[in-house]
Amino acid sequence: MLVLAEEAKRVGLNALAQRIGVSASTLSQVLSGTYNAKVDRVREAVRGALMGVTVTCPALHQAIGREACIKHQRTPLSTASPSSVRLYHACRNGCPNATTEGDQP
């Protein structure tokens, strides 16, 4: 989490939280070591947003940032477009990139 701490100093906690897709309070707790849940999802979001880690999305058939993948997993069902529906179902039905639901930052 050294990368996380360095970037938080550089751009500020609020801007970094928005970029990663978690709350500023979650980042603060992770950085201080007081976060009570697993940090797996935060770690993966950091790897995507700050370290360029990508995964292949089976629904989109392309590589996307890990933080975008996690964002799709957390997005509620929207019928606004066929791809939104496809992503919603793919993220919840055996996607190899899915994280556990018990670790919601």
# chains A, B, ... in the order shown; residues from 1 in each chain; ligands from 1
$ residues_around --residues "Gly12 (chain A)" --least-positions-apart "6" --cutoff "12 Å" --atoms "only C-alpha atoms" --output "compact mmCIF listing (two decimals) with N, CA and C atoms, in the first residue's frame"
# COMPACT_ATOMS: atom_id res chain seq x y z
N LEU A 4 -0.28 3.63 -2.64
CA LEU A 4 -1.49 4.32 -2.20
C LEU A 4 -1.14 5.52 -1.32
N ALA A 5 -0.28 5.32 -0.35
CA ALA A 5 0.10 6.40 0.56
C ALA A 5 0.81 7.52 -0.19
N GLU A 6 1.70 7.18 -1.11
CA GLU A 6 2.41 8.20 -1.87
C GLU A 6 1.47 9.01 -2.75
N GLN A 18 -11.91 9.25 -5.21
CA GLN A 18 -12.79 9.33 -6.37
C GLN A 18 -12.18 8.56 -7.55
N ARG A 19 -10.90 8.72 -7.76
CA ARG A 19 -10.21 8.03 -8.86
C ARG A 19 -10.26 6.52 -8.71
N ALA A 24 -13.48 8.34 0.71
CA ALA A 24 -12.29 8.89 1.36
C ALA A 24 -12.10 8.29 2.74
N LEU A 27 -10.40 4.94 2.38
CA LEU A 27 -8.96 5.10 2.13
C LEU A 27 -8.23 5.51 3.40
N SER A 28 -8.81 6.41 4.15
CA SER A 28 -8.19 6.86 5.39
C SER A 28 -7.99 5.68 6.35
$ residues_around --residues "His89 (chain A)" --least-positions-apart "5" --cutoff "9 Å" --atoms "only C-alpha atoms" --output "JSON, numbers by chain"
{"A": [59, 77, 84]}
$ write_last_selection --atoms "C-alpha atoms" --output "tab-separated table (two decimals), in the first residue's frame"
chain	number	residue	atom	x	y	z
A	59	ALA	CA	-18.81	-9.34	-21.15
A	77	LEU	CA	-28.80	-3.30	-12.56
A	84	SER	CA	-25.17	-2.56	-18.95
$ closest_residue --among "A:Ala68, A:Ala17, A:Leu60, A:Val3" --to "Val85 (chain A)" --atoms "only C-alpha atoms"
A:Leu60
$ closest_residue --among "A:Thr54, A:Thr34, A:Thr99, A:Ser83" --to "Ile70 (chain A)" --atoms "only C-alpha atoms"
A:Thr99
$ atom_distance --atom1 "CA of Ala45 (chain A)" --atom2 "CA of Asn93 (chain A)"
20.6 Å
$ closest_residue --among "A:Leu16, A:Val53, A:Val46, A:Leu2" --to "Ser32 (chain A)" --atoms "only C-alpha atoms"
A:Leu2
$ select_by_dssp --residues "region 38-69 of chain A" --states "strand (DSSP E)" --output "list in words"
Thr54, Val55, Thr56, Cys57, Gln62, Ala63, Ile64 and Gly65 of chain A
$ write_last_selection --atoms "all heavy atoms" --output "PDB file, in the first residue's frame"
ATOM      1  N   THR A  54      -4.694  -4.601 -15.662  1.00  0.00           N
ATOM      2  CA  THR A  54      -5.923  -4.797 -16.425  1.00  0.00           C
ATOM      3  C   THR A  54      -6.367  -6.248 -16.317  1.00  0.00           C
ATOM      4  O   THR A  54      -5.586  -7.131 -15.962  1.00  0.00           O
ATOM      5  CB  THR A  54      -5.734  -4.454 -17.915  1.00  0.00           C
ATOM      6  OG1 THR A  54      -4.750  -5.313 -18.471  1.00  0.00           O
ATOM      7  CG2 THR A  54      -5.337  -3.002 -18.105  1.00  0.00           C
ATOM      8  N   VAL A  55      -7.624  -6.477 -16.610  1.00  0.00           N
ATOM      9  CA  VAL A  55      -8.199  -7.816 -16.703  1.00  0.00           C
ATOM     10  C   VAL A  55      -9.005  -7.880 -17.996  1.00  0.00           C
ATOM     11  O   VAL A  55      -9.431  -6.857 -18.515  1.00  0.00           O
ATOM     12  CB  VAL A  55      -9.113  -8.154 -15.497  1.00  0.00           C
ATOM     13  CG1 VAL A  55      -8.331  -8.204 -14.200  1.00  0.00           C
ATOM     14  CG2 VAL A  55     -10.258  -7.164 -15.382  1.00  0.00           C
ATOM     15  N   THR A  56      -9.190  -9.070 -18.498  1.00  0.00           N
ATOM     16  CA  THR A  56     -10.024  -9.234 -19.683  1.00  0.00           C
ATOM     17  C   THR A  56     -11.457  -9.443 -19.233  1.00  0.00           C
ATOM     18  O   THR A  56     -11.757 -10.393 -18.510  1.00  0.00           O
ATOM     19  CB  THR A  56      -9.546 -10.434 -20.526  1.00  0.00           C
ATOM     20  OG1 THR A  56      -8.198 -10.189 -20.922  1.00  0.00           O
ATOM     21  CG2 THR A  56     -10.411 -10.594 -21.765  1.00  0.00           C
ATOM     22  N   CYS A  57     -12.327  -8.558 -19.655  1.00  0.00           N
ATOM     23  CA  CYS A  57     -13.734  -8.622 -19.280  1.00  0.00           C
ATOM     24  C   CYS A  57     -14.459  -9.559 -20.241  1.00  0.00           C
ATOM     25  O   CYS A  57     -14.489  -9.297 -21.451  1.00  0.00           O
ATOM     26  CB  CYS A  57     -14.353  -7.232 -19.332  1.00  0.00           C
ATOM     27  SG  CYS A  57     -16.124  -7.216 -18.968  1.00  0.00           S
ATOM     28  N   GLN A  62     -12.799  -7.330 -23.923  1.00  0.00           N
ATOM     29  CA  GLN A  62     -11.623  -6.477 -24.035  1.00  0.00           C
ATOM     30  C   GLN A  62     -10.980  -6.305 -22.667  1.00  0.00           C
ATOM     31  O   GLN A  62     -11.595  -6.594 -21.644  1.00  0.00           O
ATOM     32  CB  GLN A  62     -11.980  -5.112 -24.612  1.00  0.00           C
ATOM     33  CG  GLN A  62     -12.894  -4.289 -23.723  1.00  0.00           C
ATOM     34  CD  GLN A  62     -13.306  -2.979 -24.378  1.00  0.00           C
ATOM     35  OE1 GLN A  62     -13.271  -2.848 -25.590  1.00  0.00           O
ATOM     36  NE2 GLN A  62     -13.690  -2.010 -23.581  1.00  0.00           N
ATOM     37  N   ALA A  63      -9.763  -5.815 -22.667  1.00  0.00           N
ATOM     38  CA  ALA A  63      -9.066  -5.533 -21.416  1.00  0.00           C
ATOM     39  C   ALA A  63      -9.581  -4.212 -20.844  1.00  0.00           C
ATOM     40  O   ALA A  63      -9.766  -3.240 -21.572  1.00  0.00           O
ATOM     41  CB  ALA A  63      -7.568  -5.458 -21.646  1.00  0.00           C
ATOM     42  N   ILE A  64      -9.810  -4.210 -19.532  1.00  0.00           N
ATOM     43  CA  ILE A  64     -10.221  -2.994 -18.825  1.00  0.00           C
ATOM     44  C   ILE A  64      -9.392  -2.896 -17.560  1.00  0.00           C
ATOM     45  O   ILE A  64      -8.850  -3.884 -17.074  1.00  0.00           O
ATOM     46  CB  ILE A  64     -11.729  -2.984 -18.479  1.00  0.00           C
ATOM     47  CG1 ILE A  64     -12.109  -4.166 -17.579  1.00  0.00           C
ATOM     48  CG2 ILE A  64     -12.580  -2.974 -19.740  1.00  0.00           C
ATOM     49  CD1 ILE A  64     -13.539  -4.124 -17.057  1.00  0.00           C
ATOM     50  N   GLY A  65      -9.282  -1.699 -17.005  1.00  0.00           N
ATOM     51  CA  GLY A  65      -8.566  -1.510 -15.744  1.00  0.00           C
ATOM     52  C   GLY A  65      -9.252  -2.272 -14.626  1.00  0.00           C
ATOM     53  O   GLY A  65     -10.479  -2.425 -14.609  1.00  0.00           O
TER      54      GLY A  65
END
$ residues_around --residues "region 72-74 of chain A" --least-positions-apart "6" --cutoff "9 Å" --atoms "only C-alpha atoms" --output "PyMOL selection string"
chain A and resi 84+87-88+90-92+98-99+101+104
$ closest_residue --among "A:Lys71, A:Arg86, A:Lys9, A:Arg66" --to "Met51 (chain A)" --atoms "only C-alpha atoms"
A:Arg66
$ atom_distance --atom1 "CA of Asn97 (chain A)" --atom2 "CA of Val11 (chain A)"
28.4 Å
$ closest_residue --among "A:Val30, A:Ile20, A:Cys95, A:Ala80" --to "Glu67 (chain A)" --atoms "only C-alpha atoms"
A:Ile20
$ closest_residue --among "A:Ser81, A:Glu7, A:Gln29, A:Pro96" --to "Leu50 (chain A)" --atoms "only C-alpha atoms"
A:Glu7
$ select_by_dssp --residues "chain A" --states "helix (DSSP H, G or I)" --output "MDAnalysis selection string"
chainID A and resid 2:11 13:20 24:32 40:51 66:74 82:92
$ atom_distance --atom1 "CA of Ser25 (chain A)" --atom2 "CA of Thr75 (chain A)"
19.9 Å
